[in-house]
Amino acid sequence: MTRPAAAAPRVAWTAWARTLAWLTVGYNLIEGLVSMGFGAVDESVALFGFGADSFIEVASALLVLWRLRVQSDAQASQCLARERRATGGIGALFLGLALGIAAGAVLQLAAGSHPDTTVPGVAVSLVSLSFMLFLWREKRHAARALDSRTLASDAACSLACMKLSAVLLAGSLLFLLAPRLWWADATAAIVLGIFIAREGWEMVRAARRPEFSGGCGCGE
């Protein structure tokens, strides 16, 4: 898998964007199932919420594939409409996930419960950080080349996943090194929810603006 040259035709960048989207779908399906499985067994809200976020990544990638069905020779208004709907859709998915994670974390704090171990959280977050870094960088290049707000939003999803991985790693290590800090997992989950909600709200706001152009704004 090789990224097209900067001056490559639009069709080459579109194909690369599709490849990245399918890679996102495949990886996150596996990551989501593994994370949610370990999170449920170990009663870790942070790890379970991280796994749920993986399915948001899948939905985001599918929206990108739906958006790319409209080619450059299609009517401009149709392209813009798809950009707006896809960007808003990704943002709405983020907001829904943030609410669910925050609610679960609050319930965990109220009950005073904590996971049995956070070793799976450490392992999952390290793998995710490395792969999401690759996807984020490549999606940013594709967003610039195709000047697509949808692709930029999808890249933001990957960046958010990297942030979530870092938070999950920090919370997991904290609990692993100091088990008395039983609240670390739930606190990490709340931080995850804040990150996700902020990203989602910015996407929804961008899609609702009358001046929405569909451009990625990567230079801003």
# chains A, B, ... in the order shown; residues from 1 in each chain; ligands from 1
>>> select_by_dssp(residues="region 2-220 of chain A", states="alpha helix (DSSP H)", output="VMD selection string")
chain A and resid 10 to 42 45 to 67 76 to 111 119 to 146 149 to 177 184 to 208
>>> residues_around(residues="Ala184 (chain A)", least_positions_apart="2", cutoff="12 Å", atoms="only C-alpha atoms", output="MDAnalysis selection string")
chainID A and resid 44:47 105 108:109 112:115 117:118 167:182 186:191
>>> residues_around(residues="region 207-209 of chain A", least_positions_apart="6", cutoff="12 Å", atoms="only C-alpha atoms", output="list in words")
Leu80, Ala81, Arg82, Glu83, Arg84, Arg85, Ala86, Thr87, Gly88, Gly89, Ile90, Gly91, Ala92, Arg149, Thr150, Ser153, Gly200, Trp201, Gly215 and Cys216 of chain A
>>> atom_distance(atom1="CA of Phe50 (chain A)", atom2="CA of Phe131 (chain A)")
14.9 Å
>>> atom_distance(atom1="CA of Val122 (chain A)", atom2="CA of Leu93 (chain A)")
25.5 Å
>>> closest_residue(among="A:Gly26, A:Gly193, A:Gly39, A:Gly104", to="Cys161 (chain A)", atoms="only C-alpha atoms")
A:Gly193
>>> closest_residue(among="A:Leu159, A:Leu68, A:Leu99, A:Ala5", to="Ala197 (chain A)", atoms="only C-alpha atoms")
A:Leu99
>>> residues_around(residues="Phe134 (chain A)", least_positions_apart="2", cutoff="12 Å", atoms="only C-alpha atoms", output="JSON list (two decimals) with N, CA, C and O atoms, in the first residue's frame")
[["chain", "number", "residue", "atom", "x", "y", "z"],
["A", 1, "MET", "N", 0.85, -1.19, 0.00],
["A", 1, "MET", "CA", 0.00, 0.00, 0.00],
["A", 1, "MET", "C", 0.89, 1.24, 0.00],
["A", 1, "MET", "O", 1.70, 1.43, 0.90],
["A", 3, "ARG", "N", 0.99, 5.51, -0.73],
["A", 3, "ARG", "CA", 0.25, 6.76, -0.91],
["A", 3, "ARG", "C", 0.56, 7.35, -2.29],
["A", 3, "ARG", "O", 1.71, 7.34, -2.72],
["A", 20, "LEU", "N", -8.07, 3.42, 2.68],
["A", 20, "LEU", "CA", -7.94, 3.81, 4.08],
["A", 20, "LEU", "C", -9.25, 3.56, 4.83],
["A", 20, "LEU", "O", -9.24, 3.13, 5.99],
["A", 23, "LEU", "N", -9.56, -0.14, 5.48],
["A", 23, "LEU", "CA", -8.62, -0.51, 6.54],
["A", 23, "LEU", "C", -9.19, -0.12, 7.91],
["A", 23, "LEU", "O", -9.07, -0.87, 8.89],
["A", 24, "THR", "N", -9.81, 1.06, 7.95],
["A", 24, "THR", "CA", -10.42, 1.54, 9.20],
["A", 24, "THR", "C", -11.54, 0.60, 9.63],
["A", 24, "THR", "O", -11.66, 0.27, 10.81],
["A", 127, "VAL", "N", -1.44, -0.72, 20.89],
["A", 127, "VAL", "CA", -1.64, -1.13, 19.49],
["A", 127, "VAL", "C", -2.41, -0.06, 18.73],
["A", 127, "VAL", "O", -2.08, 0.30, 17.59],
["A", 128, "SER", "N", -3.45, 0.48, 19.36],
["A", 128, "SER", "CA", -4.28, 1.48, 18.71],
["A", 128, "SER", "C", -3.50, 2.75, 18.40],
["A", 128, "SER", "O", -3.66, 3.33, 17.32],
["A", 129, "LEU", "N", -2.66, 3.18, 19.32],
["A", 129, "LEU", "CA", -1.88, 4.40, 19.10],
["A", 129, "LEU", "C", -1.02, 4.29, 17.84],
["A", 129, "LEU", "O", -0.96, 5.23, 17.04],
["A", 130, "SER", "N", -0.38, 3.15, 17.64],
["A", 130, "SER", "CA", 0.51, 2.99, 16.49],
["A", 130, "SER", "C", -0.26, 2.96, 15.18],
["A", 130, "SER", "O", 0.10, 3.64, 14.20],
["A", 131, "PHE", "N", -1.36, 2.19, 15.12],
["A", 131, "PHE", "CA", -2.09, 2.06, 13.86],
["A", 131, "PHE", "C", -2.89, 3.33, 13.54],
["A", 131, "PHE", "O", -2.97, 3.74, 12.38],
["A", 132, "MET", "N", -3.48, 3.96, 14.55],
["A", 132, "MET", "CA", -4.25, 5.17, 14.31],
["A", 132, "MET", "C", -3.37, 6.32, 13.85],
["A", 132, "MET", "O", -3.81, 7.20, 13.11],
["A", 136, "TRP", "N", -4.39, 8.35, 10.63],
["A", 136, "TRP", "CA", -4.61, 9.80, 10.75],
["A", 136, "TRP", "C", -3.77, 10.57, 9.75],
["A", 136, "TRP", "O", -4.27, 11.44, 9.05],
["A", 137, "ARG", "N", -2.49, 10.25, 9.65],
["A", 137, "ARG", "CA", -1.60, 10.97, 8.73],
["A", 137, "ARG", "C", -2.05, 10.78, 7.28],
["A", 137, "ARG", "O", -2.08, 11.74, 6.50],
["A", 138, "GLU", "N", -2.38, 9.55, 6.92],
["A", 138, "GLU", "CA", -2.76, 9.28, 5.54],
["A", 138, "GLU", "C", -4.11, 9.92, 5.18],
["A", 138, "GLU", "O", -4.31, 10.41, 4.07],
["A", 139, "LYS", "N", -5.05, 9.91, 6.14],
["A", 139, "LYS", "CA", -6.35, 10.52, 5.87],
["A", 139, "LYS", "C", -6.22, 12.04, 5.73],
["A", 139, "LYS", "O", -6.95, 12.66, 4.95],
["A", 140, "ARG", "N", -5.32, 12.64, 6.47],
["A", 140, "ARG", "CA", -5.08, 14.08, 6.33],
["A", 140, "ARG", "C", -4.56, 14.41, 4.93],
["A", 140, "ARG", "O", -4.98, 15.39, 4.31],
["A", 141, "HIS", "N", -3.64, 13.59, 4.45],
["A", 141, "HIS", "CA", -3.11, 13.80, 3.09],
["A", 141, "HIS", "C", -4.23, 13.67, 2.06],
["A", 141, "HIS", "O", -4.33, 14.47, 1.11],
["A", 155, "ALA", "N", -10.58, 11.94, 9.40],
["A", 155, "ALA", "CA", -9.23, 12.03, 9.96],
["A", 155, "ALA", "C", -9.30, 12.49, 11.41],
["A", 155, "ALA", "O", -8.53, 12.02, 12.26],
["A", 158, "SER", "N", -9.91, 9.63, 13.63],
["A", 158, "SER", "CA", -8.70, 8.86, 13.93],
["A", 158, "SER", "C", -7.83, 9.58, 14.95],
["A", 158, "SER", "O", -7.23, 8.95, 15.83],
["A", 159, "LEU", "N", -7.76, 10.92, 14.84],
["A", 159, "LEU", "CA", -7.00, 11.70, 15.82],
["A", 159, "LEU", "C", -7.65, 11.59, 17.20],
["A", 159, "LEU", "O", -6.95, 11.44, 18.22],
["A", 161, "CYS", "N", -9.34, 9.10, 18.25],
["A", 161, "CYS", "CA", -9.05, 7.75, 18.73],
["A", 161, "CYS", "C", -7.66, 7.68, 19.34],
["A", 161, "CYS", "O", -7.44, 6.99, 20.33],
["A", 162, "MET", "N", -6.71, 8.42, 18.75],
["A", 162, "MET", "CA", -5.37, 8.48, 19.32],
["A", 162, "MET", "C", -5.39, 9.13, 20.70],
["A", 162, "MET", "O", -4.73, 8.66, 21.64]]
>>> closest_residue(among="A:Ala142, A:Ile194, A:Ala156, A:Phe212", to="Ala12 (chain A)", atoms="only C-alpha atoms")
A:Ala142
